[in-house]
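In what follows, a single structure is set out as structure tokens and then discussed.
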Amino acid sequence: MIEAHNLTKTFRDKKRGTIRAADNISFRVQPGQIYGLLGANGAGKTTTLRLLATLLSPTDGGATVAGFDVAREPEKVRANVGFLAASTALYARLTAREMIAYFGRLNGMTDDAVRVRIKQISAELDMDDFLDRRCDKFSTGMKQKTSIARTLVHDPAVMIFDEPTLGLDVMTARAIVKFVRDCRARGKTVIYSTHVMSEVEKLCDVIGIIHDGKLLAEGTLADLRVRHSEQDMEEIFVKIVGGEGTK
Amino acid sequence: MNWSNIVTVYLKELKDSLRDRRTLMSTIIIPALVMPLLTFGVGKVMSVVMKKAQEDIPTVAILGGTDSPAVVTALKKSPKLRVVASPMDWKQAIGDKKLRVAVEIPPGFEAGLKAGSAPSVKVFNYTGELKSENGTRVVERFLIDLRDQTIADRLAEHSLPKTLARPFEFKRENVAPPEKVGGNLFGGFVPYLIIILCFSGAMYPAMDLTAGEKERGTMETLLCSPVARVDIVLGKFLMVLTGSLSAMCFMLVSMGATAAIGGSLMMGGGGAATKVGIGAATPARATMDVIPMIDPLGLVGVLAMVFPVAVMFSAVAFTVALFAKSYKEAQSYLAPMMIVVIMPAVVGMLPGIDLNARLALVPLLNLSLVCKEMLSGVWHWDYIALIFGSSCVYAAVALALAVRMFSREDVIFRA
């Protein structure tokens, strides 16, 4: 489970002064649920997810992930999180097997446990053909599969996806979406950030709309449609964030 | 701090670095090749050039001397000189390297000699030009021999013994052991090379493991793992230190091998160079009655003194590179630092700068000076302790800074 309470992160910028990248954000994600964090570029999605993954520490407020506090127990939080983002790349000079094994060991797994897990994941993701090839020779699809395997190696209870389909072709993006659904089916707590409306409509059980660091609206797709008298997610989003002169 | 995690990070970085050509070049290939290249490559080329210049029979123009036929004839007969007709503009000819030397014999030179006056002969050359300098030496040797012969003739004329003009002889003989001679000759140069290689060995892994990872997007991947930041820093730092120390070790091993091979060649292939004798293949050997060597104990001392400096270099290179967003930016920060590193090492090589309590606290310069002493067999234990202690403090501060920088979000996620 993920619970964020007034999660706030400020940065200082020489030109723009203090920026509130995440401003009093509160939400809850249950196991077996996909929470979609929808926002434009620079809305604060990545900062929020980095706070949950303990890559950044909150300026104010807090959150618990899998029962651990992000500020006080960051290592325990990370041990229970699989974080996949467009910005989390692979070590080009390692093979897929070495890459997955490295992260298995970093998660405290024994060599035997890592071996068994790699065999299992490789079969699941159909990676056998390229498992012992170096990552710098991989196609985008192979890279994505290896990244997924890296996030799954320690079988985390919580999955955080930060725009995982960014820049991917349709087939690879579909594979990612399928993988996210599988995570939900396995009872994992999933948070998924995107600015692609169709992905939110297809995937998410609960949608949070974030803009200028603030969580402006939250609810199921059906709730949001009723609340804003719109069927199209894009129209709902524009209404909420106050775009196109509706402000 | 979890040592198991530190070792996991270190082993991964080691594997990764061994597959990186740039790191291999800076930590293994260049250090291993620098001494053989300097000795057998540049040294060989230099000795060939010197030998060729020495074998070249210099062209000499005689200015005047029409009333001194004996001297002119003796000059012309000398097998070490080639007397040519004096060109109109002989100064220009020397400047253009068409003529090596001009000798001006004053009017009435021979008559003056007989009369007992002291006529002055002038030798014109191109100062600094190798072949002209060689020609000058040959001409001067000729004139010294002529003067000695004149003295001998005059003494014989008056039935006086030769010892009147040369009452005693003297001979130079080295009594310092080969290790001290070697230490004195190369004591400044060896630490200079070690300091440069230690830093360049740390530079490339440091850039690759910090700014390189940020640029490639793997830093964020790594930070997602449950490993504490301090463990990541220490694992990575150990890899940078490995790069620094391996550059130094490969250089020393290659230096020893070069010296052994060079020494064997000097001793006629008899394998007599049992100690590390890097001077064996240098031109300086030609004028010595001893093969300069480096004291192995001094070398062990140098290694011990270099260790905290390698730690400091690794931590500083790591911290500076960590601040950069890309490999290229890290390069632009670290490349100028090489000058900062070289400067104290160069100052340490200068003659006349001796170790004292104040200089013992100046990083790098203290290392350079103490290494020079240790390689010459001088062991000032109070300075050694002060330098080792201060180097350890500097290294600890640099490492603490690296850990602190790695914990800063604005550095790790610098946009």
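Naming works like this for the structure tokens: A, B, ... for the chains as they're shown, residue 1 at the start of each chain, ligands 1 onward in shown order.
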
Using only C-alpha atoms and a distance of at most 7 Å, pull out the residues of chain A that contact chain B, as a compact mmCIF listing (two decimals) with all heavy atoms, in the first residue's frame.
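Final output, selection17.txt:
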# COMPACT_ATOMS: atom_id res chain seq x y z
N ALA A 53 9.73 6.76 -4.12
CA ALA A 53 10.81 5.77 -4.29
C ALA A 53 12.03 6.13 -3.45
O ALA A 53 13.06 5.47 -3.56
CB ALA A 53 11.18 5.66 -5.76
N LEU A 55 14.11 8.48 -3.80
CA LEU A 55 15.25 9.05 -4.52
C LEU A 55 15.42 10.51 -4.08
O LEU A 55 16.52 11.05 -4.11
CB LEU A 55 15.03 8.98 -6.03
CG LEU A 55 14.88 7.57 -6.63
CD1 LEU A 55 14.67 7.63 -8.13
CD2 LEU A 55 16.09 6.72 -6.31
N LEU A 56 14.31 11.12 -3.70
CA LEU A 56 14.33 12.47 -3.13
C LEU A 56 13.70 12.39 -1.75
O LEU A 56 12.87 11.51 -1.50
CB LEU A 56 13.51 13.43 -4.00
CG LEU A 56 13.96 13.66 -5.45
CD1 LEU A 56 12.94 14.54 -6.17
CD2 LEU A 56 15.34 14.32 -5.50
N GLU A 75 15.71 2.77 2.94
CA GLU A 75 16.25 1.52 2.39
C GLU A 75 15.16 0.43 2.36
O GLU A 75 15.06 -0.33 1.40
CB GLU A 75 17.46 1.05 3.18
CG GLU A 75 18.74 1.76 2.78
CD GLU A 75 19.19 2.79 3.81
OE1 GLU A 75 18.83 2.65 4.98
OE2 GLU A 75 19.89 3.74 3.42
N LYS A 76 14.35 0.38 3.43
CA LYS A 76 13.28 -0.62 3.50
C LYS A 76 12.21 -0.33 2.45
O LYS A 76 11.62 -1.25 1.88
CB LYS A 76 12.67 -0.65 4.90
CG LYS A 76 13.57 -1.36 5.89
CD LYS A 76 12.94 -1.41 7.26
CE LYS A 76 13.92 -2.10 8.23
NZ LYS A 76 13.58 -1.83 9.62
N ARG A 78 12.75 1.11 -0.46
CA ARG A 78 13.29 0.73 -1.78
C ARG A 78 13.32 -0.80 -1.95
O ARG A 78 13.20 -1.30 -3.05
CB ARG A 78 14.68 1.32 -1.97
CG ARG A 78 14.67 2.84 -2.18
CD ARG A 78 15.94 3.35 -2.82
NE ARG A 78 17.11 3.14 -2.00
CZ ARG A 78 17.55 3.98 -1.06
NH1 ARG A 78 16.88 5.11 -0.82
NH2 ARG A 78 18.63 3.71 -0.37
N ALA A 79 13.52 -1.51 -0.84
CA ALA A 79 13.55 -2.97 -0.91
C ALA A 79 12.18 -3.54 -1.30
O ALA A 79 12.08 -4.67 -1.76
CB ALA A 79 13.99 -3.53 0.43
N PHE A 83 10.98 0.23 -9.36
CA PHE A 83 10.81 1.56 -9.98
C PHE A 83 11.24 1.48 -11.44
O PHE A 83 12.38 1.14 -11.75
CB PHE A 83 11.69 2.57 -9.23
CG PHE A 83 11.52 4.00 -9.66
CD1 PHE A 83 10.54 4.81 -9.10
CD2 PHE A 83 12.34 4.55 -10.63
CE1 PHE A 83 10.38 6.14 -9.49
CE2 PHE A 83 12.20 5.87 -11.03
CZ PHE A 83 11.22 6.67 -10.45
N SER A 87 13.74 7.16 -17.55
CA SER A 87 15.10 7.62 -17.22
C SER A 87 15.94 6.57 -16.51
O SER A 87 17.11 6.80 -16.23
CB SER A 87 15.01 8.87 -16.34
OG SER A 87 14.23 8.59 -15.20
N THR A 88 15.36 5.40 -16.19
CA THR A 88 16.17 4.36 -15.54
C THR A 88 16.69 3.42 -16.62
O THR A 88 15.98 2.57 -17.13
CB THR A 88 15.35 3.56 -14.50
OG1 THR A 88 14.13 3.15 -15.10
CG2 THR A 88 15.07 4.37 -13.26
N ALA A 89 17.97 3.60 -16.95
CA ALA A 89 18.55 2.85 -18.07
C ALA A 89 19.29 1.60 -17.59
O ALA A 89 19.33 1.31 -16.41
CB ALA A 89 19.52 3.77 -18.81
N LEU A 90 19.86 0.89 -18.56
CA LEU A 90 20.60 -0.34 -18.26
C LEU A 90 22.09 -0.10 -18.39
O LEU A 90 22.51 0.80 -19.12
CB LEU A 90 20.20 -1.43 -19.27
CG LEU A 90 18.72 -1.80 -19.36
CD1 LEU A 90 18.50 -2.74 -20.53
CD2 LEU A 90 18.27 -2.45 -18.06
N TYR A 91 22.88 -0.92 -17.74
CA TYR A 91 24.34 -0.84 -17.90
C TYR A 91 24.71 -1.46 -19.24
O TYR A 91 24.58 -2.67 -19.43
CB TYR A 91 25.05 -1.56 -16.76
CG TYR A 91 24.97 -0.82 -15.45
CD1 TYR A 91 24.16 -1.26 -14.42
CD2 TYR A 91 25.68 0.35 -15.27
CE1 TYR A 91 24.08 -0.56 -13.22
CE2 TYR A 91 25.60 1.06 -14.09
CZ TYR A 91 24.81 0.60 -13.07
OH TYR A 91 24.72 1.30 -11.90
N ARG A 93 27.42 -2.16 -20.71
CA ARG A 93 28.53 -3.13 -20.84
C ARG A 93 28.25 -4.43 -20.09
O ARG A 93 29.09 -5.33 -20.08
CB ARG A 93 29.83 -2.49 -20.35
CG ARG A 93 30.28 -1.32 -21.21
CD ARG A 93 31.66 -0.82 -20.83
NE ARG A 93 31.69 -0.10 -19.59
CZ ARG A 93 31.66 1.24 -19.47
NH1 ARG A 93 31.58 1.98 -20.55
NH2 ARG A 93 31.72 1.81 -18.29
N LEU A 94 27.07 -4.52 -19.44
CA LEU A 94 26.71 -5.78 -18.78
C LEU A 94 25.73 -6.55 -19.65
O LEU A 94 25.01 -5.97 -20.46
CB LEU A 94 26.05 -5.50 -17.42
CG LEU A 94 26.87 -4.83 -16.32
CD1 LEU A 94 26.08 -4.89 -15.00
CD2 LEU A 94 28.22 -5.48 -16.13
N PHE A 103 21.19 -6.44 -9.54
CA PHE A 103 20.11 -5.83 -8.73
C PHE A 103 19.51 -6.84 -7.75
O PHE A 103 19.05 -6.45 -6.68
CB PHE A 103 19.06 -5.17 -9.64
CG PHE A 103 19.53 -3.81 -10.07
CD1 PHE A 103 20.34 -3.67 -11.19
CD2 PHE A 103 19.25 -2.69 -9.33
CE1 PHE A 103 20.83 -2.43 -11.56
CE2 PHE A 103 19.74 -1.45 -9.68
CZ PHE A 103 20.54 -1.32 -10.80
N LEU A 106 21.96 -6.65 -4.92
CA LEU A 106 21.78 -5.38 -4.19
C LEU A 106 20.53 -5.43 -3.30
O LEU A 106 20.44 -4.72 -2.32
CB LEU A 106 21.67 -4.20 -5.16
CG LEU A 106 22.94 -3.82 -5.94
CD1 LEU A 106 22.66 -2.66 -6.87
CD2 LEU A 106 24.08 -3.46 -5.00
N ASN A 107 19.59 -6.30 -3.69
CA ASN A 107 18.38 -6.46 -2.88
C ASN A 107 18.54 -7.55 -1.84
O ASN A 107 17.56 -8.02 -1.26
CB ASN A 107 17.19 -6.75 -3.78
CG ASN A 107 16.60 -5.46 -4.35
OD1 ASN A 107 15.92 -4.73 -3.65
ND2 ASN A 107 16.91 -5.18 -5.60

### Message
List as a VMD selection string the protein and nucleic acid residues near segment 55-57 of chain B, meaning an atom at most 8 Å away when only C-alpha atoms are counted, but skip any in the same chain fewer than 6 places from it.
### Response
chain B and resid 80 to 82 131 135

Expected file contents, prior selection, N, CA and C atoms, as a PDB file, in the first residue's frame:
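Below you can see selection_33.pdb, which holds the result:
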ATOM      1  N   LYS B  80      89.056  14.623 -37.781  1.00  0.00           N
ATOM      2  CA  LYS B  80      87.751  14.896 -37.146  1.00  0.00           C
ATOM      3  C   LYS B  80      87.096  16.169 -37.680  1.00  0.00           C
ATOM      4  N   LEU B  81      87.769  16.828 -38.591  1.00  0.00           N
ATOM      5  CA  LEU B  81      87.239  18.088 -39.134  1.00  0.00           C
ATOM      6  C   LEU B  81      87.280  18.045 -40.659  1.00  0.00           C
ATOM      7  N   ARG B  82      86.399  18.801 -41.281  1.00  0.00           N
ATOM      8  CA  ARG B  82      86.457  18.941 -42.750  1.00  0.00           C
ATOM      9  C   ARG B  82      86.552  20.437 -43.037  1.00  0.00           C
ATOM     10  N   LYS B 131      74.924  20.008 -33.883  1.00  0.00           N
ATOM     11  CA  LYS B 131      76.083  19.698 -34.732  1.00  0.00           C
ATOM     12  C   LYS B 131      77.133  20.815 -34.657  1.00  0.00           C
ATOM     13  N   GLY B 135      80.968  20.377 -33.398  1.00  0.00           N
ATOM     14  CA  GLY B 135      82.106  20.889 -34.181  1.00  0.00           C
ATOM     15  C   GLY B 135      82.969  21.808 -33.314  1.00  0.00           C
TER      16      GLY B 135
END

### Message
With distances taken over only C-alpha atoms, which residue among B:Leu14, B:Ala53, B:Val139, B:Ala247 lies nearest Ser200 of chain B?
### Response
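Residue with the minimum atom-to-atom distance to Ser200 of chain B: B:Ala247.
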
#### Entry: strand (DSSP E or B) call set, DSSP backbone run, segment 170-226 of chain A, as a ChimeraX atom specification
/A:189-194,206-211,214-219

Restricting the output to all heavy atoms, write the selected residues as a tab-separated table (two decimals), in the first residue's frame.
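Here's the written file result.tsv:
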chain	number	residue	atom	x	y	z
A	189	THR	N	0.70	-3.26	-5.52
A	189	THR	CA	0.23	-1.88	-5.49
A	189	THR	C	0.95	-1.14	-6.60
A	189	THR	O	2.19	-1.15	-6.64
A	189	THR	CB	0.59	-1.24	-4.13
A	189	THR	OG1	0.11	-2.10	-3.10
A	189	THR	CG2	0.02	0.15	-3.98
A	190	VAL	N	0.19	-0.53	-7.50
A	190	VAL	CA	0.83	0.07	-8.67
A	190	VAL	C	0.49	1.56	-8.77
A	190	VAL	O	-0.67	1.95	-8.65
A	190	VAL	CB	0.37	-0.64	-9.98
A	190	VAL	CG1	1.04	0.00	-11.19
A	190	VAL	CG2	0.67	-2.12	-9.93
A	191	ILE	N	1.52	2.35	-9.00
A	191	ILE	CA	1.28	3.77	-9.31
A	191	ILE	C	1.93	4.04	-10.66
A	191	ILE	O	3.07	3.61	-10.92
A	191	ILE	CB	1.78	4.70	-8.18
A	191	ILE	CG1	1.45	6.16	-8.51
A	191	ILE	CG2	3.25	4.54	-7.87
A	191	ILE	CD1	1.48	7.08	-7.29
A	192	TYR	N	1.18	4.72	-11.51
A	192	TYR	CA	1.58	4.83	-12.91
A	192	TYR	C	1.42	6.28	-13.36
A	192	TYR	O	0.32	6.82	-13.36
A	192	TYR	CB	0.66	3.91	-13.73
A	192	TYR	CG	1.01	3.77	-15.20
A	192	TYR	CD1	1.73	2.67	-15.65
A	192	TYR	CD2	0.58	4.70	-16.13
A	192	TYR	CE1	2.03	2.51	-16.99
A	192	TYR	CE2	0.88	4.55	-17.47
A	192	TYR	CZ	1.61	3.46	-17.90
A	192	TYR	OH	1.92	3.31	-19.23
A	193	SER	N	2.53	6.91	-13.71
A	193	SER	CA	2.40	8.31	-14.15
A	193	SER	C	2.47	8.39	-15.67
A	193	SER	O	3.22	7.63	-16.30
A	193	SER	CB	3.52	9.16	-13.53
A	193	SER	OG	4.63	9.20	-14.38
A	194	THR	N	1.71	9.26	-16.23
A	194	THR	CA	1.70	9.41	-17.69
A	194	THR	C	1.07	10.76	-18.07
A	194	THR	O	0.43	11.40	-17.25
A	194	THR	CB	0.93	8.26	-18.36
A	194	THR	OG1	1.04	8.38	-19.76
A	194	THR	CG2	-0.53	8.25	-17.97
A	206	VAL	N	-7.89	4.21	-10.32
A	206	VAL	CA	-8.11	5.54	-9.74
A	206	VAL	C	-7.18	6.50	-10.47
A	206	VAL	O	-6.04	6.14	-10.80
A	206	VAL	CB	-7.79	5.55	-8.22
A	206	VAL	CG1	-8.05	6.92	-7.62
A	206	VAL	CG2	-8.62	4.51	-7.49
A	207	ILE	N	-7.68	7.70	-10.73
A	207	ILE	CA	-6.88	8.68	-11.46
A	207	ILE	C	-6.69	9.92	-10.59
A	207	ILE	O	-7.65	10.44	-10.02
A	207	ILE	CB	-7.57	9.07	-12.79
A	207	ILE	CG1	-7.78	7.83	-13.66
A	207	ILE	CG2	-6.74	10.12	-13.55
A	207	ILE	CD1	-8.80	8.02	-14.76
A	208	GLY	N	-5.44	10.36	-10.51
A	208	GLY	CA	-5.16	11.62	-9.82
A	208	GLY	C	-4.63	12.59	-10.85
A	208	GLY	O	-3.70	12.25	-11.59
A	209	ILE	N	-5.21	13.78	-10.90
A	209	ILE	CA	-4.75	14.77	-11.88
A	209	ILE	C	-3.89	15.80	-11.17
A	209	ILE	O	-4.32	16.45	-10.22
A	209	ILE	CB	-5.93	15.41	-12.63
A	209	ILE	CG1	-6.59	14.30	-13.48
A	209	ILE	CG2	-5.46	16.57	-13.52
A	209	ILE	CD1	-7.81	14.72	-14.23
A	210	ILE	N	-2.66	15.90	-11.65
A	210	ILE	CA	-1.67	16.75	-10.99
A	210	ILE	C	-1.30	17.90	-11.92
A	210	ILE	O	-1.15	17.72	-13.14
A	210	ILE	CB	-0.44	15.90	-10.56
A	210	ILE	CG1	0.53	16.70	-9.70
A	210	ILE	CG2	0.27	15.27	-11.73
A	210	ILE	CD1	1.59	15.83	-9.03
A	211	HIS	N	-1.19	19.09	-11.33
A	211	HIS	CA	-0.84	20.27	-12.11
A	211	HIS	C	-0.15	21.27	-11.21
A	211	HIS	O	-0.62	21.52	-10.09
A	211	HIS	CB	-2.12	20.89	-12.72
A	211	HIS	CG	-1.83	21.98	-13.70
A	211	HIS	ND1	-1.20	21.74	-14.91
A	211	HIS	CD2	-2.07	23.30	-13.64
A	211	HIS	CE1	-1.07	22.89	-15.55
A	211	HIS	NE2	-1.58	23.86	-14.80
A	214	LYS	N	0.28	20.34	-7.63
A	214	LYS	CA	-0.89	20.11	-6.76
A	214	LYS	C	-1.76	19.00	-7.34
A	214	LYS	O	-1.93	18.93	-8.57
A	214	LYS	CB	-1.73	21.38	-6.65
A	214	LYS	CG	-1.07	22.50	-5.87
A	214	LYS	CD	-2.08	23.64	-5.69
A	214	LYS	CE	-1.49	24.77	-4.87
A	214	LYS	NZ	-0.52	25.58	-5.62
A	215	LEU	N	-2.31	18.19	-6.47
A	215	LEU	CA	-3.26	17.17	-6.90
A	215	LEU	C	-4.63	17.84	-6.98
A	215	LEU	O	-5.24	18.13	-5.96
A	215	LEU	CB	-3.26	16.00	-5.90
A	215	LEU	CG	-3.96	14.74	-6.37
A	215	LEU	CD1	-3.23	14.09	-7.54
A	215	LEU	CD2	-4.05	13.73	-5.23
A	216	LEU	N	-5.10	18.10	-8.20
A	216	LEU	CA	-6.32	18.90	-8.36
A	216	LEU	C	-7.59	18.07	-8.30
A	216	LEU	O	-8.64	18.57	-7.89
A	216	LEU	CB	-6.28	19.65	-9.70
A	216	LEU	CG	-5.13	20.65	-9.88
A	216	LEU	CD1	-5.25	21.34	-11.23
A	216	LEU	CD2	-5.11	21.68	-8.77
A	217	ALA	N	-7.50	16.82	-8.73
A	217	ALA	CA	-8.71	15.99	-8.71
A	217	ALA	C	-8.31	14.54	-8.58
A	217	ALA	O	-7.20	14.16	-8.95
A	217	ALA	CB	-9.50	16.20	-10.00
A	218	GLU	N	-9.25	13.75	-8.06
A	218	GLU	CA	-8.95	12.33	-7.88
A	218	GLU	C	-10.25	11.55	-7.94
A	218	GLU	O	-11.29	12.02	-7.47
A	218	GLU	CB	-8.28	12.12	-6.51
A	218	GLU	CG	-7.69	10.76	-6.32
A	218	GLU	CD	-7.22	10.55	-4.88
A	218	GLU	OE1	-8.07	10.59	-3.97
A	218	GLU	OE2	-6.01	10.36	-4.69
A	219	GLY	N	-10.20	10.37	-8.52
A	219	GLY	CA	-11.39	9.54	-8.56
A	219	GLY	C	-11.27	8.48	-9.63
A	219	GLY	O	-10.29	8.45	-10.38

### Task
Once DSSP has gone over the backbone, tell me which residues of segment 22-246 of chain A are in helix (DSSP H, G or I), as a VMD selection string.
chain A and resid 45 to 52 74 to 79 96 to 106 111 to 125 135 to 137 140 to 152 170 to 185 197 to 203 221 to 228 233 to 241

Within 9 Å of segment 21-30 of chain B using only C-alpha atoms, minus same-chain residues under 2 positions, as a PDB file with C-alpha atoms, in the first residue's frame:
ATOM      1  CA  SER B  17      35.395  -0.889 -16.076  1.00  0.00           C
ATOM      2  CA  LEU B  18      37.383  -3.823 -17.450  1.00  0.00           C
ATOM      3  CA  ARG B  19      35.038  -3.708 -20.423  1.00  0.00           C
ATOM      4  CA  ALA B  32      52.496  -0.146 -18.880  1.00  0.00           C
ATOM      5  CA  LEU B  33      53.823   1.439 -22.054  1.00  0.00           C
ATOM      6  CA  VAL B  34      55.085   4.770 -20.760  1.00  0.00           C
ATOM      7  CA  LEU B 197      49.697   8.319 -13.485  1.00  0.00           C
ATOM      8  CA  CYS B 198      47.931   8.045 -10.129  1.00  0.00           C
ATOM      9  CA  SER B 200      45.085   9.989 -14.658  1.00  0.00           C
ATOM     10  CA  GLY B 201      44.367   6.423 -13.474  1.00  0.00           C
ATOM     11  CA  ALA B 202      41.679   7.784 -11.140  1.00  0.00           C
ATOM     12  CA  MET B 203      40.308  10.306 -13.620  1.00  0.00           C
ATOM     13  CA  TYR B 204      38.645   8.056 -16.186  1.00  0.00           C
ATOM     14  CA  PRO B 205      36.931   5.594 -13.829  1.00  0.00           C
ATOM     15  CA  ASP B 208      32.632   7.001 -16.003  1.00  0.00           C
ATOM     16  CA  THR B 242      41.780   0.549  -8.023  1.00  0.00           C
ATOM     17  CA  GLY B 243      42.192   2.504 -11.263  1.00  0.00           C
ATOM     18  CA  SER B 244      44.598   4.917  -9.624  1.00  0.00           C
ATOM     19  CA  LEU B 245      46.697   2.221  -7.922  1.00  0.00           C
ATOM     20  CA  SER B 246      46.715  -0.092 -10.919  1.00  0.00           C
ATOM     21  CA  ALA B 247      48.006   2.740 -13.122  1.00  0.00           C
ATOM     22  CA  MET B 248      50.838   3.227 -10.642  1.00  0.00           C
ATOM     23  CA  CYS B 249      51.559  -0.501 -10.256  1.00  0.00           C
ATOM     24  CA  PHE B 250      51.573  -1.160 -13.995  1.00  0.00           C
ATOM     25  CA  MET B 251      53.939   1.766 -14.419  1.00  0.00           C
TER      26      MET B 251
END

### Task
Pick out the residues sitting within 12 Å of Gln30 of chain A, and hand them over as an MDAnalysis selection string; count only C-alpha atoms, and ignore anything fewer than 6 positions along from it in its own chain.
chainID A and resid 1:4 65:67 157:159 184 187:191 205:206

Tell me, as a short mmCIF file (atom, residue, chain, number, x, y, z; two decimals) with all heavy atoms, in the first residue's frame, which residues lie within 12 Å of Thr163 of chain B, counting only C-alpha atoms; anything in the same chain fewer than 5 positions away does not count.
data_model
loop_
_atom_site.label_atom_id
_atom_site.label_comp_id
_atom_site.auth_asym_id
_atom_site.auth_seq_id
_atom_site.Cartn_x
_atom_site.Cartn_y
_atom_site.Cartn_z
N ILE B 151 103.37 24.23 -25.08
CA ILE B 151 103.97 24.25 -23.73
C ILE B 151 105.08 23.19 -23.65
O ILE B 151 106.20 23.46 -23.20
CB ILE B 151 102.91 23.99 -22.65
CG1 ILE B 151 101.92 25.16 -22.59
CG2 ILE B 151 103.54 23.80 -21.27
CD1 ILE B 151 100.67 24.90 -21.77
N ALA B 152 104.72 21.96 -24.15
CA ALA B 152 105.70 20.86 -24.08
C ALA B 152 106.97 21.23 -24.86
O ALA B 152 108.09 20.97 -24.40
CB ALA B 152 105.07 19.59 -24.64
N LEU B 155 109.03 23.78 -22.91
CA LEU B 155 109.71 23.17 -21.77
C LEU B 155 110.92 22.37 -22.23
O LEU B 155 112.01 22.42 -21.65
CB LEU B 155 108.74 22.25 -21.00
CG LEU B 155 107.61 22.97 -20.23
CD1 LEU B 155 106.60 21.96 -19.70
CD2 LEU B 155 108.17 23.79 -19.08
N ALA B 156 110.68 21.63 -23.35
CA ALA B 156 111.79 20.81 -23.89
C ALA B 156 112.94 21.71 -24.36
O ALA B 156 114.12 21.38 -24.18
CB ALA B 156 111.26 19.96 -25.04
N PHE B 168 100.68 18.08 -10.98
CA PHE B 168 100.00 16.88 -10.44
C PHE B 168 98.81 16.50 -11.32
O PHE B 168 98.32 17.31 -12.11
CB PHE B 168 99.53 17.10 -8.99
CG PHE B 168 98.48 18.15 -8.85
CD1 PHE B 168 97.13 17.84 -8.94
CD2 PHE B 168 98.84 19.49 -8.65
CE1 PHE B 168 96.16 18.83 -8.83
CE2 PHE B 168 97.87 20.47 -8.53
CZ PHE B 168 96.53 20.15 -8.62
N GLU B 169 98.33 15.26 -11.16
CA GLU B 169 97.14 14.77 -11.88
C GLU B 169 96.02 14.56 -10.87
O GLU B 169 96.28 14.47 -9.66
CB GLU B 169 97.46 13.43 -12.57
CG GLU B 169 98.58 13.49 -13.61
CD GLU B 169 98.18 14.27 -14.85
OE1 GLU B 169 96.97 14.45 -15.09
OE2 GLU B 169 99.09 14.74 -15.56
#

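Going from atom CA of Asp231 of chain B to atom CA of Thr210 of chain B covers 14.4 Å.
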
### Query
Given the choices B:Ala345, B:Leu365, B:Leu375, B:Val306, which gets closest to Ala395 of chain B if the distance is worked out from only C-alpha atoms?
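Answer, going by the shortest atom-to-atom distance: B:Val306.
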
### Residue nearest Thr46 of chain A - candidates A:Asp162, A:Asp232, A:Glu73, A:Glu201, atoms counted: only C-alpha atoms
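The shortest atom-to-atom distance to Thr46 of chain A comes from A:Asp162.
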
### Selection: 10 Å around segment 84-98 of chain B, only C-alpha atoms, excl. self and same-chain fewer than 3 positions, as a ChimeraX atom specification
/B:58-64,76,81,101-103,124-127,129,131-132

### Task
Tell me which of B:Asn134, B:Thr73, B:Ser117, B:Thr39 sits closest to Gln54 of chain B, counting only C-alpha atoms.
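Comparing B:Asn134, B:Thr73, B:Ser117, B:Thr39 against Gln54 of chain B, the winner is B:Asn134.
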